[in-house]
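**Q** First the structure, then my questions, so here it is.
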Amino acid sequence: MAKEPEKLSAAQRSKIRRLSTPKELAADEEGGELNIVPFLDIVTNVLMFVLATISVTFTTMIDTQPPRSNGSNVRPPGKPTLSLNIIVIDKGFIVSAFGQRIGEGCQGPGSGVAVGMKTADGQTDYDFTGLTACAKRLKNQVPEAADETSATITANASIPYQSIIGTCDAIRKADDGQVLFPEITFGVPK
């Protein structure tokens, strides 16, 4: 026959219970150092993510004037206005003035590209000199519009920024010093 295990007395059970409960340490009895390595790992990962997703944008200021509702350039309806508009596309410049498009070579009414591209040293680039000559010709064509100084430039989304700045510079002043169109307004392509 198997022997039955001995039963513990109440004092023995109380002692076992007292010894088996975890003892809380006082603040001054806690040993060791704070392990901040996992925290630093998280901070490093977050920092790398932020640096990888930041896009750097360089901005440049272009001095332009907004359209005026009642300024000095407003003419009575009977006077002819130049209303120079230049659209920069990948094949050159589409120019319109006097309410109509200007033809190739900037000689008169027409359609298409008024000032095309030029090729020099095997490089094809915008003909800013031709654009300056075209703007000067149009400004001097009608004496009543000679005091007009504003023009609108519009560009397709694929046009390089430097080409837009070159267009602004080309129509501001002629090579002989004549002021052409220093007040530039940027149009929104449709």
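All residue names refer to the structure tokens as shown: chains lettered A, B, ... in order, residues numbered from 1 in each chain, ligands numbered from 1 in order.
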Where in stretch 122-174 of chain A does DSSP assign strand (DSSP E), given as a list in words?
**A** Gln123, Thr124, Asp125, Tyr126, Ser150, Ala151, Thr152, Ile153, Thr154 and Ala155 of chain A
**Q** Need the shell around stretch 161-165 of chain A: protein/DNA/RNA residues with any atom at most 10 Å away, counting only C-alpha atoms. Skip same-chain ones fewer than 3 positions apart. Format as a PDB file with N, CA, C and O atoms, in the first residue's frame?
**A**
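Saved file part.pdb follows:
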ATOM      1  N   ILE A  62      11.249  85.973 -58.443  1.00  0.00           N
ATOM      2  CA  ILE A  62      11.176  86.654 -59.733  1.00  0.00           C
ATOM      3  C   ILE A  62      10.328  87.900 -59.521  1.00  0.00           C
ATOM      4  O   ILE A  62       9.185  87.812 -59.066  1.00  0.00           O
ATOM      5  N   ILE A  87       3.846  82.238 -75.432  1.00  0.00           N
ATOM      6  CA  ILE A  87       3.707  80.882 -74.901  1.00  0.00           C
ATOM      7  C   ILE A  87       4.984  80.131 -75.248  1.00  0.00           C
ATOM      8  O   ILE A  87       5.358  80.040 -76.414  1.00  0.00           O
ATOM      9  N   VAL A  88       5.657  79.618 -74.229  1.00  0.00           N
ATOM     10  CA  VAL A  88       6.907  78.886 -74.423  1.00  0.00           C
ATOM     11  C   VAL A  88       6.564  77.408 -74.563  1.00  0.00           C
ATOM     12  O   VAL A  88       5.969  76.814 -73.654  1.00  0.00           O
ATOM     13  N   ILE A  89       6.911  76.825 -75.700  1.00  0.00           N
ATOM     14  CA  ILE A  89       6.675  75.395 -75.927  1.00  0.00           C
ATOM     15  C   ILE A  89       8.008  74.746 -76.291  1.00  0.00           C
ATOM     16  O   ILE A  89       9.019  75.430 -76.432  1.00  0.00           O
ATOM     17  N   ASP A 125      18.694  75.217 -79.023  1.00  0.00           N
ATOM     18  CA  ASP A 125      18.226  75.973 -77.866  1.00  0.00           C
ATOM     19  C   ASP A 125      17.210  77.011 -78.342  1.00  0.00           C
ATOM     20  O   ASP A 125      17.045  77.242 -79.532  1.00  0.00           O
ATOM     21  N   TYR A 126      16.570  77.660 -77.385  1.00  0.00           N
ATOM     22  CA  TYR A 126      15.601  78.696 -77.715  1.00  0.00           C
ATOM     23  C   TYR A 126      16.316  79.906 -78.311  1.00  0.00           C
ATOM     24  O   TYR A 126      17.412  80.269 -77.896  1.00  0.00           O
ATOM     25  N   PHE A 128      16.476  83.297 -78.123  1.00  0.00           N
ATOM     26  CA  PHE A 128      16.106  84.458 -77.322  1.00  0.00           C
ATOM     27  C   PHE A 128      16.402  85.757 -78.064  1.00  0.00           C
ATOM     28  O   PHE A 128      15.677  86.739 -77.909  1.00  0.00           O
ATOM     29  N   ILE A 153       3.577  85.793 -70.014  1.00  0.00           N
ATOM     30  CA  ILE A 153       4.339  84.617 -70.433  1.00  0.00           C
ATOM     31  C   ILE A 153       3.654  83.385 -69.857  1.00  0.00           C
ATOM     32  O   ILE A 153       3.339  83.336 -68.675  1.00  0.00           O
ATOM     33  N   THR A 154       3.426  82.412 -70.717  1.00  0.00           N
ATOM     34  CA  THR A 154       2.857  81.137 -70.316  1.00  0.00           C
ATOM     35  C   THR A 154       3.782  80.041 -70.825  1.00  0.00           C
ATOM     36  O   THR A 154       4.344  80.172 -71.908  1.00  0.00           O
ATOM     37  N   ALA A 155       3.928  78.974 -70.044  1.00  0.00           N
ATOM     38  CA  ALA A 155       4.827  77.886 -70.465  1.00  0.00           C
ATOM     39  C   ALA A 155       4.188  76.543 -70.166  1.00  0.00           C
ATOM     40  O   ALA A 155       3.432  76.399 -69.204  1.00  0.00           O
ATOM     41  N   ASN A 156       4.483  75.571 -71.026  1.00  0.00           N
ATOM     42  CA  ASN A 156       4.057  74.202 -70.762  1.00  0.00           C
ATOM     43  C   ASN A 156       4.799  73.683 -69.533  1.00  0.00           C
ATOM     44  O   ASN A 156       5.864  74.181 -69.187  1.00  0.00           O
ATOM     45  N   ALA A 157       4.253  72.647 -68.906  1.00  0.00           N
ATOM     46  CA  ALA A 157       4.846  72.104 -67.684  1.00  0.00           C
ATOM     47  C   ALA A 157       6.221  71.491 -67.918  1.00  0.00           C
ATOM     48  O   ALA A 157       7.042  71.448 -67.023  1.00  0.00           O
ATOM     49  N   SER A 158       6.504  71.051 -69.126  1.00  0.00           N
ATOM     50  CA  SER A 158       7.772  70.377 -69.398  1.00  0.00           C
ATOM     51  C   SER A 158       8.909  71.341 -69.732  1.00  0.00           C
ATOM     52  O   SER A 158      10.036  70.910 -69.952  1.00  0.00           O
ATOM     53  N   CYS A 168      11.923  85.803 -70.012  1.00  0.00           N
ATOM     54  CA  CYS A 168      11.692  87.066 -69.287  1.00  0.00           C
ATOM     55  C   CYS A 168      12.786  88.076 -69.614  1.00  0.00           C
ATOM     56  O   CYS A 168      12.501  89.240 -69.913  1.00  0.00           O
ATOM     57  N   ASP A 169      14.028  87.618 -69.570  1.00  0.00           N
ATOM     58  CA  ASP A 169      15.151  88.518 -69.856  1.00  0.00           C
ATOM     59  C   ASP A 169      15.127  89.016 -71.300  1.00  0.00           C
ATOM     60  O   ASP A 169      15.486  90.163 -71.568  1.00  0.00           O
ATOM     61  N   ALA A 170      14.692  88.164 -72.230  1.00  0.00           N
ATOM     62  CA  ALA A 170      14.708  88.532 -73.649  1.00  0.00           C
ATOM     63  C   ALA A 170      13.704  89.628 -73.973  1.00  0.00           C
ATOM     64  O   ALA A 170      13.944  90.436 -74.876  1.00  0.00           O
ATOM     65  N   PHE A 186       2.738  86.118 -65.326  1.00  0.00           N
ATOM     66  CA  PHE A 186       2.777  84.718 -65.707  1.00  0.00           C
ATOM     67  C   PHE A 186       1.366  84.199 -65.887  1.00  0.00           C
ATOM     68  O   PHE A 186       0.535  84.336 -64.989  1.00  0.00           O
TER      69      PHE A 186
END
**Q** Near A:Ser83, counting only C-alpha atoms, which residues have an atom at most 12 Å away, once you skip same-chain residues fewer than 3 positions from it, shown as an NGL selection string?
**A** :A and (73-75 or 79-80 or 86 or 95-101 or 135 or 138-139 or 142 or 145-153 or 181 or 183-185)
**Q** Calculate how many Å separate atom CA of A:Asp90 from atom CA of A:Asp175, rounding to one decimal.
**A**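 If I compute the distance from atom CA of A:Asp90 to atom CA of A:Asp175, I get 24.9 Å.
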